[in-house]
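Pasted below: final17.txt, compact mmCIF, C-alpha atoms.
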# COMPACT_ATOMS: atom_id res chain seq x y z
CA MET A 12 10.39 8.32 -15.91
CA LEU A 13 8.69 11.70 -15.78
CA ALA A 14 10.85 14.83 -15.95
CA SER A 15 10.14 17.02 -12.92
CA SER A 16 11.21 20.13 -14.85
CA GLU A 17 8.16 19.78 -17.08
CA ARG A 18 4.88 21.10 -15.73
CA LEU A 19 2.98 18.10 -17.02
CA LEU A 20 0.05 18.37 -14.60
CA LYS A 21 -0.57 22.05 -15.48
CA GLY A 22 -2.26 23.15 -12.25
CA LYS A 23 -4.44 20.05 -11.91
CA ARG A 24 -5.73 19.65 -8.35
CA ILE A 25 -5.11 16.14 -7.05
CA LEU A 26 -6.61 14.82 -3.84
CA VAL A 27 -4.00 12.79 -1.94
CA THR A 28 -5.70 10.24 0.32
CA ARG A 29 -2.63 8.58 1.85
CA ALA A 30 -1.86 8.50 5.56
CA LYS A 31 -0.28 11.74 6.84
CA GLU A 32 3.15 10.13 7.24
CA GLN A 33 3.23 9.07 3.59
CA ALA A 34 1.43 11.96 1.91
CA SER A 35 4.25 14.50 1.75
CA SER A 36 6.51 12.57 -0.64
CA PHE A 37 3.60 12.01 -3.04
CA SER A 38 2.59 15.68 -2.80
CA LYS A 39 6.12 16.84 -3.61
CA LYS A 40 6.14 14.73 -6.75
CA ILE A 41 2.81 16.23 -7.81
CA GLN A 42 4.12 19.76 -7.22
CA SER A 43 7.30 19.04 -9.19
CA LEU A 44 5.07 18.22 -12.17
CA GLY A 45 3.07 21.45 -11.87
CA GLY A 46 0.10 19.93 -10.05
CA VAL A 47 -1.62 21.10 -6.86
CA PRO A 48 -1.79 18.43 -4.15
CA ILE A 49 -4.66 18.53 -1.67
CA GLU A 50 -3.85 16.35 1.32
CA ILE A 51 -6.76 14.76 3.16
CA PRO A 52 -5.49 11.63 4.90
CA LEU A 53 -8.34 9.11 4.91
CA ILE A 54 -6.40 6.57 6.95
CA LYS A 55 -4.32 6.57 10.09
CA ILE A 56 -1.55 4.05 10.69
CA GLU A 57 -1.08 2.96 14.30
CA ALA A 58 0.77 0.34 16.29
CA PRO A 59 -1.48 -2.34 17.81
CA SER A 60 -2.45 -1.60 21.41
CA ASN A 61 -1.64 -5.15 22.54
CA THR A 62 1.91 -6.13 21.60
CA ASP A 63 2.34 -9.29 23.69
CA GLN A 64 1.99 -11.61 20.69
CA ILE A 65 4.37 -9.47 18.64
CA GLU A 66 7.04 -9.71 21.36
CA LYS A 67 6.63 -13.50 21.72
CA THR A 68 6.90 -13.94 17.96
CA LEU A 69 9.95 -11.74 17.47
CA ILE A 70 11.84 -13.43 20.30
CA ASN A 71 11.46 -16.65 18.29
CA LEU A 72 12.19 -15.08 14.92
CA HIS A 73 15.10 -17.49 14.35
CA THR A 74 12.65 -20.41 14.23
CA TYR A 75 11.01 -19.15 11.03
CA ASP A 76 12.11 -20.22 7.55
CA TRP A 77 10.51 -17.24 5.79
CA LEU A 78 9.68 -13.66 6.74
CA VAL A 79 7.34 -11.82 4.36
CA PHE A 80 6.81 -8.06 4.07
CA THR A 81 4.02 -6.66 1.88
CA SER A 82 4.34 -2.93 2.63
CA VAL A 83 6.67 -0.20 3.82
CA ASN A 84 4.52 0.16 6.93
CA GLY A 85 5.12 -3.50 7.72
CA VAL A 86 8.88 -2.94 7.51
CA HIS A 87 8.73 0.22 9.62
CA TYR A 88 6.71 -1.24 12.48
CA PHE A 89 8.49 -4.61 12.41
CA PHE A 90 11.87 -2.97 12.96
CA GLN A 91 10.39 -0.55 15.45
CA PHE A 92 9.27 -3.53 17.54
CA LEU A 93 12.65 -5.23 17.16
CA GLU A 94 14.22 -2.12 18.67
CA GLN A 95 11.52 -1.79 21.33
CA PHE A 96 12.06 -5.35 22.51
CA ASP A 97 15.85 -5.20 22.01
CA ILE A 98 15.94 -8.07 19.50
CA PRO A 99 18.80 -7.79 16.94
CA ILE A 100 17.74 -9.27 13.60
CA LYS A 101 21.34 -10.23 12.83
CA ASN A 102 21.09 -12.93 15.50
CA THR A 103 18.93 -14.92 13.09
CA GLN A 104 22.02 -15.76 10.95
CA GLU A 105 20.78 -17.61 7.82
CA LYS A 106 17.14 -17.68 8.89
CA PRO A 107 14.64 -16.54 8.04
CA LYS A 108 14.78 -15.87 4.31
CA ILE A 109 13.10 -12.59 3.33
CA ALA A 110 10.37 -12.17 0.70
CA VAL A 111 8.75 -8.86 -0.29
CA VAL A 112 6.02 -7.30 -2.39
CA GLY A 113 6.71 -3.87 -3.86
CA LYS A 114 9.65 -1.73 -4.93
CA LYS A 115 9.31 0.66 -1.98
CA THR A 116 9.15 -2.24 0.46
CA LEU A 117 12.36 -3.61 -1.05
CA GLU A 118 14.03 -0.19 -0.79
CA ALA A 119 12.96 0.15 2.85
CA LEU A 120 14.66 -3.16 3.69
CA GLU A 121 17.78 -2.35 1.69
CA LYS A 122 18.15 0.92 3.63
CA LYS A 123 18.27 -1.19 6.78
CA GLY A 124 20.97 -3.39 5.28
CA VAL A 125 18.68 -6.42 5.05
CA LYS A 126 19.27 -8.90 2.23
CA VAL A 127 16.09 -9.85 0.37
CA ASP A 128 15.91 -13.38 -0.99
CA LEU A 129 12.69 -13.33 -3.02
CA ILE A 130 11.25 -10.50 -5.10
CA PRO A 131 8.31 -11.02 -7.50
CA ASP A 132 8.44 -9.72 -11.06
CA GLU A 133 5.14 -7.90 -10.52
CA PHE A 134 4.44 -6.02 -7.31
CA VAL A 135 1.30 -7.93 -6.32
CA ALA A 136 0.67 -10.70 -3.81
CA GLU A 137 -0.37 -13.14 -6.55
CA ASP A 138 3.06 -13.05 -8.18
CA LEU A 139 4.85 -13.31 -4.84
CA LEU A 140 2.70 -16.34 -3.99
CA THR A 141 3.61 -18.03 -7.27
CA LYS A 142 7.32 -17.53 -6.57
CA MET A 143 7.03 -18.63 -2.93
CA LEU A 144 5.17 -21.83 -3.76
CA LEU A 145 8.20 -22.87 -5.82
CA GLN A 146 10.50 -22.48 -2.80
CA VAL A 147 8.48 -22.95 0.38
CA LYS A 148 8.55 -26.56 1.55
CA LYS A 149 5.86 -28.45 3.41
CA GLY A 150 6.30 -27.80 7.12
CA ASP A 151 8.19 -24.51 6.64
CA ASN A 152 7.43 -21.83 9.20
CA VAL A 153 6.36 -18.59 7.49
CA LEU A 154 5.92 -15.26 9.27
CA LEU A 155 3.88 -12.52 7.57
CA ALA A 156 4.51 -9.06 9.07
CA ARG A 157 1.46 -7.11 7.89
CA GLY A 158 -1.41 -4.79 8.70
CA ASN A 159 -4.84 -5.63 10.05
CA LEU A 160 -6.50 -5.11 6.65
CA ALA A 161 -4.13 -7.30 4.63
CA ARG A 162 -5.66 -9.71 2.12
CA SER A 163 -6.07 -13.36 3.10
CA LEU A 164 -4.60 -14.74 -0.16
CA LEU A 165 -1.03 -15.34 1.05
CA PRO A 166 -1.75 -17.10 4.37
CA GLU A 167 -4.55 -19.21 2.92
CA LYS A 168 -2.61 -20.49 -0.08
CA LEU A 169 0.62 -21.03 1.85
CA LYS A 170 -1.29 -23.08 4.43
CA GLU A 171 -2.87 -25.12 1.63
CA ALA A 172 0.67 -25.85 0.40
CA GLY A 173 1.57 -27.27 3.80
CA ALA A 174 3.38 -24.32 5.37
CA ARG A 175 2.82 -23.26 8.98
CA VAL A 176 1.86 -19.59 8.78
CA ASN A 177 1.83 -16.88 11.44
CA ASP A 178 -0.04 -13.86 10.07
CA LEU A 179 1.26 -11.26 12.52
CA VAL A 180 -0.40 -7.84 12.68
CA VAL A 181 2.38 -5.30 13.31
CA TYR A 182 0.32 -2.21 12.44
CA GLU A 183 -3.32 -1.20 12.15
CA THR A 184 -5.02 0.90 9.51
CA VAL A 185 -8.01 2.83 10.82
CA VAL A 186 -10.39 5.34 9.28
CA ASN A 187 -9.56 9.01 9.90
CA MET A 188 -13.00 10.28 10.96
CA GLU A 189 -11.66 13.81 11.39
CA ALA A 190 -11.33 14.05 7.60
CA ARG A 191 -15.06 13.76 6.82
CA ALA A 192 -16.04 17.46 6.93
CA GLU A 193 -13.06 18.61 4.87
CA LEU A 194 -13.56 15.80 2.34
CA LEU A 195 -17.22 16.69 1.85
CA GLU A 196 -16.38 20.39 1.40
CA ILE A 197 -13.68 19.66 -1.22
CA LEU A 198 -16.05 17.49 -3.24
CA LYS A 199 -19.08 19.79 -2.96
CA LEU A 200 -17.03 22.80 -4.09
CA ARG A 201 -15.43 20.80 -6.94
CA SER A 202 -12.04 21.79 -5.55
CA CYS A 203 -10.21 18.82 -7.03
CA ASP A 204 -9.86 17.39 -10.53
CA LEU A 205 -8.76 13.92 -9.53
CA ILE A 206 -8.71 11.59 -6.53
CA ALA A 207 -5.67 9.31 -6.21
CA PHE A 208 -6.19 6.07 -4.33
CA THR A 209 -2.96 4.35 -3.31
CA SER A 210 -4.44 1.34 -1.50
CA SER A 211 -7.67 -0.55 -1.03
CA SER A 212 -7.97 0.87 2.49
CA THR A 213 -8.04 4.45 1.15
CA VAL A 214 -10.96 3.46 -1.08
CA THR A 215 -12.81 1.70 1.72
CA ASN A 216 -12.35 4.62 4.10
CA PHE A 217 -13.36 7.12 1.41
CA CYS A 218 -16.69 5.36 0.99
CA SER A 219 -17.09 4.96 4.76
CA LEU A 220 -16.57 8.68 5.35
CA LEU A 221 -19.15 9.52 2.67
CA LYS A 222 -21.75 7.05 3.89
CA GLY A 223 -25.21 8.58 3.46
CA ALA A 224 -24.05 11.14 0.89
CA ASP A 225 -24.78 11.05 -2.85
CA ILE A 226 -21.33 9.83 -3.87
CA GLU A 227 -22.16 9.70 -7.58
CA ALA A 228 -23.19 13.37 -7.58
CA LEU A 229 -20.17 14.40 -5.50
CA LEU A 230 -17.79 12.71 -7.93
CA LYS A 231 -19.29 14.15 -11.12
CA ASN A 232 -16.47 15.31 -13.44
CA ILE A 233 -13.82 14.18 -10.96
CA LYS A 234 -11.43 11.49 -12.19
CA ILE A 235 -10.43 8.52 -10.07
CA ALA A 236 -6.96 6.99 -10.29
CA CYS A 237 -5.86 3.73 -8.66
CA ILE A 238 -2.31 2.53 -8.01
CA GLY A 239 -3.02 -1.00 -9.22
CA PRO A 240 -5.61 -3.68 -10.03
CA ILE A 241 -6.32 -4.66 -6.42
CA THR A 242 -7.16 -1.08 -5.47
CA GLU A 243 -9.17 -0.78 -8.69
CA GLN A 244 -11.16 -3.90 -7.81
CA THR A 245 -12.02 -2.47 -4.39
CA ALA A 246 -13.13 0.79 -6.01
CA LEU A 247 -15.32 -0.97 -8.57
CA GLU A 248 -16.87 -3.19 -5.90
CA SER A 249 -17.64 0.00 -3.95
CA GLY A 250 -19.54 1.40 -6.94
CA LEU A 251 -16.91 3.91 -8.03
CA LYS A 252 -16.02 4.58 -11.67
CA VAL A 253 -12.29 4.15 -12.20
CA ASP A 254 -10.66 6.23 -14.95
CA ILE A 255 -6.96 5.45 -14.48
CA VAL A 256 -5.00 2.43 -13.27
CA ALA A 257 -1.20 2.43 -13.15
CA LYS A 258 0.64 -0.24 -15.12
CA GLU A 259 3.54 -0.07 -12.66
CA TYR A 260 2.08 -0.37 -9.18
CA THR A 261 4.12 2.43 -7.61
CA ILE A 262 3.61 6.13 -6.88
CA ASP A 263 5.76 7.02 -9.90
CA GLY A 264 3.74 4.63 -12.05
CA LEU A 265 0.51 6.18 -10.79
CA LEU A 266 1.74 9.71 -11.56
CA GLU A 267 2.78 8.68 -15.05
CA ALA A 268 -0.69 7.25 -15.69
CA ILE A 269 -2.34 10.41 -14.34
CA VAL A 270 -0.20 12.65 -16.58
CA ARG A 271 -1.03 10.51 -19.60
CA SER A 272 -4.74 10.73 -18.82
CA PHE A 273 -4.75 14.52 -18.64
CA ASP A 274 -2.64 14.71 -21.79
CA ASP A 275 -5.27 12.69 -23.63
CA GLY A 276 -7.85 15.30 -22.67
CA ASP A 277 -10.78 12.92 -22.65
CA GLU A 278 -12.18 9.89 -20.91
CA ASN A 279 -10.03 7.55 -22.99
CA GLY A 280 -6.96 8.18 -20.88
CA ARG A 281 -7.33 4.81 -19.16
CA ASN A 282 -3.89 3.41 -18.50
CA ILE A 283 -4.49 -0.30 -18.11
CA ASP A 284 -4.17 -3.43 -20.17
CA GLU A 285 -7.69 -4.39 -21.22
What would the structure in this file look like if it were written as structure tokens?
Amino acid sequence: MLASSERLLKGKRILVTRAKEQASSFSKKIQSLGGVPIEIPLIKIEAPSNTDQIEKTLINLHTYDWLVFTSVNGVHYFFQFLEQFDIPIKNTQEKPKIAVVGKKTLEALEKKGVKVDLIPDEFVAEDLLTKMLLQVKKGDNVLLARGNLARSLLPEKLKEAGARVNDLVVYETVVNMEARAELLEILKLRSCDLIAFTSSSTVTNFCSLLKGADIEALLKNIKIACIGPITEQTALESGLKVDIVAKEYTIDGLLEAIVRSFDDGDENGRNIDE
């Protein structure tokens, strides 16, 4: 764990690409380590405009054997809809069992007093899938409460195993077009030392906002850090050069990897198992 009393980032300017609602906590951590956060939200998180299917599903929540959350946003909007439609989760008694990906997702549920039944050792969908396949039975009803850009791995593999899966979109991630001008100015003026990507959608939207620009030239001498291997894969597939990947797929893990990279003082500060 990094000590906030140490100015480990030494004035380094870090571009925070998270949604506005999530950026402030990350920025505070950067500041506590002596860094300078530059917030340009590349994504916006919104509730779906049509919520009929969400209401129908939540009314029948007790009929599901498993409920799966893969992000804090999923938890937030799921419970927001429970409240909106006046559906108390405690009415479900022993069902459904809860499975999660991610430490922050787990913490978000614990704050709501919800018992989690299945937590993977690694905070990626692949590990959760491995654990679920050991417990989910053929014919089980599985509800995934996720965003519109979620990966297809979980529903596809669970269906192949014989589960009945409802992949319910409880929030939508959209590109923040208003950020384009400010993003271009920051990059052209070399006003940041590093760009921190905390999800695949931030990478995708970054490239979308810079469509038509010379991205390679804009990113010259600017490091790129990714929160985990899935985000890294998206960045590489988008033609970006990734310098840093966190070993622990959390904001704290990402910050630790960034600090280590700057401490190394060269391009060998890559924090990933080769």
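Within 8 Å of segment 261-263 of chain A, once all atoms listed in the file are used and residues closer than 4 positions along the same chain are dropped, the contacting residues are Met12, Phe37, Gly113, Lys114, Lys115, Thr209, Ile238, Ala257 and Glu267 of chain A.
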Please produce an output containing C-alpha atoms for each residue in the selection, written as an mmCIF file, in the frame of the given file.
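That gives us out.cif:
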data_model
loop_
_atom_site.group_PDB
_atom_site.id
_atom_site.type_symbol
_atom_site.label_atom_id
_atom_site.label_comp_id
_atom_site.auth_asym_id
_atom_site.auth_seq_id
_atom_site.Cartn_x
_atom_site.Cartn_y
_atom_site.Cartn_z
ATOM 1 C CA MET A 12 10.390 8.320 -15.910
ATOM 2 C CA PHE A 37 3.600 12.010 -3.040
ATOM 3 C CA GLY A 113 6.710 -3.870 -3.860
ATOM 4 C CA LYS A 114 9.650 -1.730 -4.930
ATOM 5 C CA LYS A 115 9.310 0.660 -1.980
ATOM 6 C CA THR A 209 -2.960 4.350 -3.310
ATOM 7 C CA ILE A 238 -2.310 2.530 -8.010
ATOM 8 C CA ALA A 257 -1.200 2.430 -13.150
ATOM 9 C CA GLU A 267 2.780 8.680 -15.050
#
What's around segment 140-156 of chain A at 8 Å? Count all atoms listed in the file, leave out sequence neighbours fewer than 3 positions away in its own chain, and write the answer as a short mmCIF file (atom, residue, chain, number, x, y, z; two decimals) with C-alpha atoms, in the frame of the given file.
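Listed below is the output, part.cif:
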data_model
loop_
_atom_site.label_atom_id
_atom_site.label_comp_id
_atom_site.auth_asym_id
_atom_site.auth_seq_id
_atom_site.Cartn_x
_atom_site.Cartn_y
_atom_site.Cartn_z
CA THR A 74 12.65 -20.41 14.23
CA TYR A 75 11.01 -19.15 11.03
CA ASP A 76 12.11 -20.22 7.55
CA TRP A 77 10.51 -17.24 5.79
CA LEU A 78 9.68 -13.66 6.74
CA VAL A 79 7.34 -11.82 4.36
CA PHE A 80 6.81 -8.06 4.07
CA THR A 81 4.02 -6.66 1.88
CA GLY A 85 5.12 -3.50 7.72
CA VAL A 86 8.88 -2.94 7.51
CA PHE A 89 8.49 -4.61 12.41
CA LEU A 129 12.69 -13.33 -3.02
CA PRO A 131 8.31 -11.02 -7.50
CA ALA A 136 0.67 -10.70 -3.81
CA GLU A 137 -0.37 -13.14 -6.55
CA LEU A 165 -1.03 -15.34 1.05
CA PRO A 166 -1.75 -17.10 4.37
CA LYS A 168 -2.61 -20.49 -0.08
CA LEU A 169 0.62 -21.03 1.85
CA ALA A 172 0.67 -25.85 0.40
CA GLY A 173 1.57 -27.27 3.80
CA ALA A 174 3.38 -24.32 5.37
CA ARG A 175 2.82 -23.26 8.98
CA VAL A 176 1.86 -19.59 8.78
CA ASN A 177 1.83 -16.88 11.44
CA ASP A 178 -0.04 -13.86 10.07
CA LEU A 179 1.26 -11.26 12.52
CA VAL A 180 -0.40 -7.84 12.68
CA VAL A 181 2.38 -5.30 13.31
#
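With atom CA of Leu44 of chain A on one side and atom CA of Leu194 of chain A on the other, the separation reads 23.7 Å.
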Atom CA of Pro48 of chain A to atom CA of Thr28 of chain A measures 10.1 Å
Nearest to Leu198 of chain A among A:Gly124, A:Lys21, A:Ile49, A:Glu57, with distances taken over all atoms listed in the file: which residue is it?
->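 Closest candidate: A:Ile49.
Atom CA of Gln42 of chain A sits 26.2 Å away from atom CA of His87 of chain A.
Nearest to Ile41 of chain A of all the residues A:Val253, A:Val270, A:Ala119, A:Ala192 is A:Val270, counting all atoms listed in the file.
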Just the residues within 8 Å of Leu26 of chain A, please, counting all atoms listed in the file, with nothing from its chain fewer than 6 positions along; format it as a list in words.
->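 The residues satisfying every condition are Pro48, Ile49, Glu50, Ile51, Cys203, Asp204, Leu205, Ile206 and Ala207 of chain A.
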Nearest to Ile197 of chain A by atom-to-atom distance, counting all atoms listed in the file, from A:Lys126, A:Arg24, A:Lys222, A:Lys170 |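 Smallest separation from Ile197 of chain A among the options: A:Arg24.
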Hey, what's within 8 Å of Arg18 of chain A if we count all atoms listed in the file and toss same-chain stuff fewer than 6 positions away? As a ChimeraX atom specification, please?
-> /A:43-46
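With all atoms listed in the file as the atoms that count, the minimum distance from Thr213 of chain A to the choices A:Leu19, A:Ile25, A:Leu265, A:Ala246 is reached by A:Ala246.
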Residues within 10 Å of segment 66-69 of chain A, all atoms listed in the file, excluding chain neighbours under 2 positions, as a PyMOL selection string = chain A and resi 61-64+71-75+89+92-93+95-100+154+177+179
What does the file look like for those residues with C-alpha atoms, as a PDB file, in the frame of the given file?
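That gives us out-v7.pdb:
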ATOM      1  CA  ASN A  61      -1.640  -5.150  22.540  1.00  0.00           C
ATOM      2  CA  THR A  62       1.910  -6.130  21.600  1.00  0.00           C
ATOM      3  CA  ASP A  63       2.340  -9.290  23.690  1.00  0.00           C
ATOM      4  CA  GLN A  64       1.990 -11.610  20.690  1.00  0.00           C
ATOM      5  CA  ASN A  71      11.460 -16.650  18.290  1.00  0.00           C
ATOM      6  CA  LEU A  72      12.190 -15.080  14.920  1.00  0.00           C
ATOM      7  CA  HIS A  73      15.100 -17.490  14.350  1.00  0.00           C
ATOM      8  CA  THR A  74      12.650 -20.410  14.230  1.00  0.00           C
ATOM      9  CA  TYR A  75      11.010 -19.150  11.030  1.00  0.00           C
ATOM     10  CA  PHE A  89       8.490  -4.610  12.410  1.00  0.00           C
ATOM     11  CA  PHE A  92       9.270  -3.530  17.540  1.00  0.00           C
ATOM     12  CA  LEU A  93      12.650  -5.230  17.160  1.00  0.00           C
ATOM     13  CA  GLN A  95      11.520  -1.790  21.330  1.00  0.00           C
ATOM     14  CA  PHE A  96      12.060  -5.350  22.510  1.00  0.00           C
ATOM     15  CA  ASP A  97      15.850  -5.200  22.010  1.00  0.00           C
ATOM     16  CA  ILE A  98      15.940  -8.070  19.500  1.00  0.00           C
ATOM     17  CA  PRO A  99      18.800  -7.790  16.940  1.00  0.00           C
ATOM     18  CA  ILE A 100      17.740  -9.270  13.600  1.00  0.00           C
ATOM     19  CA  LEU A 154       5.920 -15.260   9.270  1.00  0.00           C
ATOM     20  CA  ASN A 177       1.830 -16.880  11.440  1.00  0.00           C
ATOM     21  CA  LEU A 179       1.260 -11.260  12.520  1.00  0.00           C
TER      22      LEU A 179
END
When distances are computed from only C-alpha atoms, which of A:Lys234, A:Lys106, A:Lys55, A:Lys31 shows the smallest separation from Asn216 of chain A?
-> A:Lys55
Missing atoms in segment 28-37 of chain A: fill them in up to all heavy atoms and send the result as a short mmCIF file (atom, residue, chain, number, x, y, z; two decimals), in the coordinates of the input.
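part04.cif written:
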data_model
loop_
_atom_site.label_atom_id
_atom_site.label_comp_id
_atom_site.auth_asym_id
_atom_site.auth_seq_id
_atom_site.Cartn_x
_atom_site.Cartn_y
_atom_site.Cartn_z
N THR A 28 -4.94 10.89 -0.76
CA THR A 28 -5.70 10.24 0.32
C THR A 28 -4.84 9.41 1.25
O THR A 28 -5.35 8.75 2.15
CB THR A 28 -6.77 9.32 -0.31
OG1 THR A 28 -6.12 8.34 -1.14
CG2 THR A 28 -7.74 10.11 -1.16
N ARG A 29 -3.53 9.42 1.05
CA ARG A 29 -2.63 8.58 1.85
C ARG A 29 -2.58 9.03 3.32
O ARG A 29 -2.98 10.15 3.64
CB ARG A 29 -1.21 8.61 1.30
CG ARG A 29 -1.07 8.28 -0.15
CD ARG A 29 0.38 8.20 -0.56
NE ARG A 29 0.91 6.85 -0.35
CZ ARG A 29 2.19 6.54 -0.44
NH1 ARG A 29 3.08 7.49 -0.67
NH2 ARG A 29 2.60 5.30 -0.26
N ALA A 30 -2.07 8.15 4.16
CA ALA A 30 -1.86 8.50 5.56
C ALA A 30 -0.91 9.70 5.63
O ALA A 30 -0.06 9.89 4.76
CB ALA A 30 -1.29 7.31 6.32
N LYS A 31 -1.05 10.49 6.68
CA LYS A 31 -0.28 11.74 6.84
C LYS A 31 1.22 11.51 6.68
O LYS A 31 1.93 12.30 6.06
CB LYS A 31 -0.59 12.36 8.19
CG LYS A 31 0.06 13.70 8.43
CD LYS A 31 -0.34 14.26 9.79
CE LYS A 31 0.32 15.62 10.02
NZ LYS A 31 -0.07 16.18 11.36
N GLU A 32 1.72 10.41 7.26
CA GLU A 32 3.15 10.13 7.24
C GLU A 32 3.68 9.87 5.84
O GLU A 32 4.87 10.04 5.56
CB GLU A 32 3.47 8.91 8.12
CG GLU A 32 3.09 9.05 9.58
CD GLU A 32 1.63 8.75 9.85
OE1 GLU A 32 0.87 8.48 8.90
OE2 GLU A 32 1.23 8.80 11.02
N GLN A 33 2.81 9.44 4.94
CA GLN A 33 3.23 9.07 3.59
C GLN A 33 2.84 10.10 2.53
O GLN A 33 3.30 10.02 1.40
CB GLN A 33 2.61 7.72 3.22
CG GLN A 33 3.02 6.58 4.13
CD GLN A 33 2.21 5.32 3.84
OE1 GLN A 33 1.00 5.37 3.65
NE2 GLN A 33 2.89 4.20 3.79
N ALA A 34 2.00 11.04 2.90
CA ALA A 34 1.43 11.96 1.91
C ALA A 34 2.44 12.94 1.34
O ALA A 34 2.38 13.29 0.16
CB ALA A 34 0.25 12.71 2.51
N SER A 35 3.38 13.40 2.17
CA SER A 35 4.25 14.50 1.75
C SER A 35 5.12 14.16 0.54
O SER A 35 5.28 14.99 -0.37
CB SER A 35 5.15 14.95 2.91
OG SER A 35 5.98 13.89 3.34
N SER A 36 5.66 12.94 0.49
CA SER A 36 6.51 12.57 -0.64
C SER A 36 5.71 12.54 -1.94
O SER A 36 6.19 12.96 -3.00
CB SER A 36 7.18 11.22 -0.40
OG SER A 36 6.20 10.20 -0.23
N PHE A 37 4.48 12.05 -1.87
CA PHE A 37 3.60 12.01 -3.04
C PHE A 37 3.27 13.43 -3.47
O PHE A 37 3.31 13.78 -4.66
CB PHE A 37 2.34 11.23 -2.68
CG PHE A 37 1.43 10.94 -3.85
CD1 PHE A 37 1.87 11.00 -5.16
CD2 PHE A 37 0.11 10.58 -3.63
CE1 PHE A 37 1.02 10.72 -6.23
CE2 PHE A 37 -0.74 10.29 -4.68
CZ PHE A 37 -0.29 10.37 -5.98
#
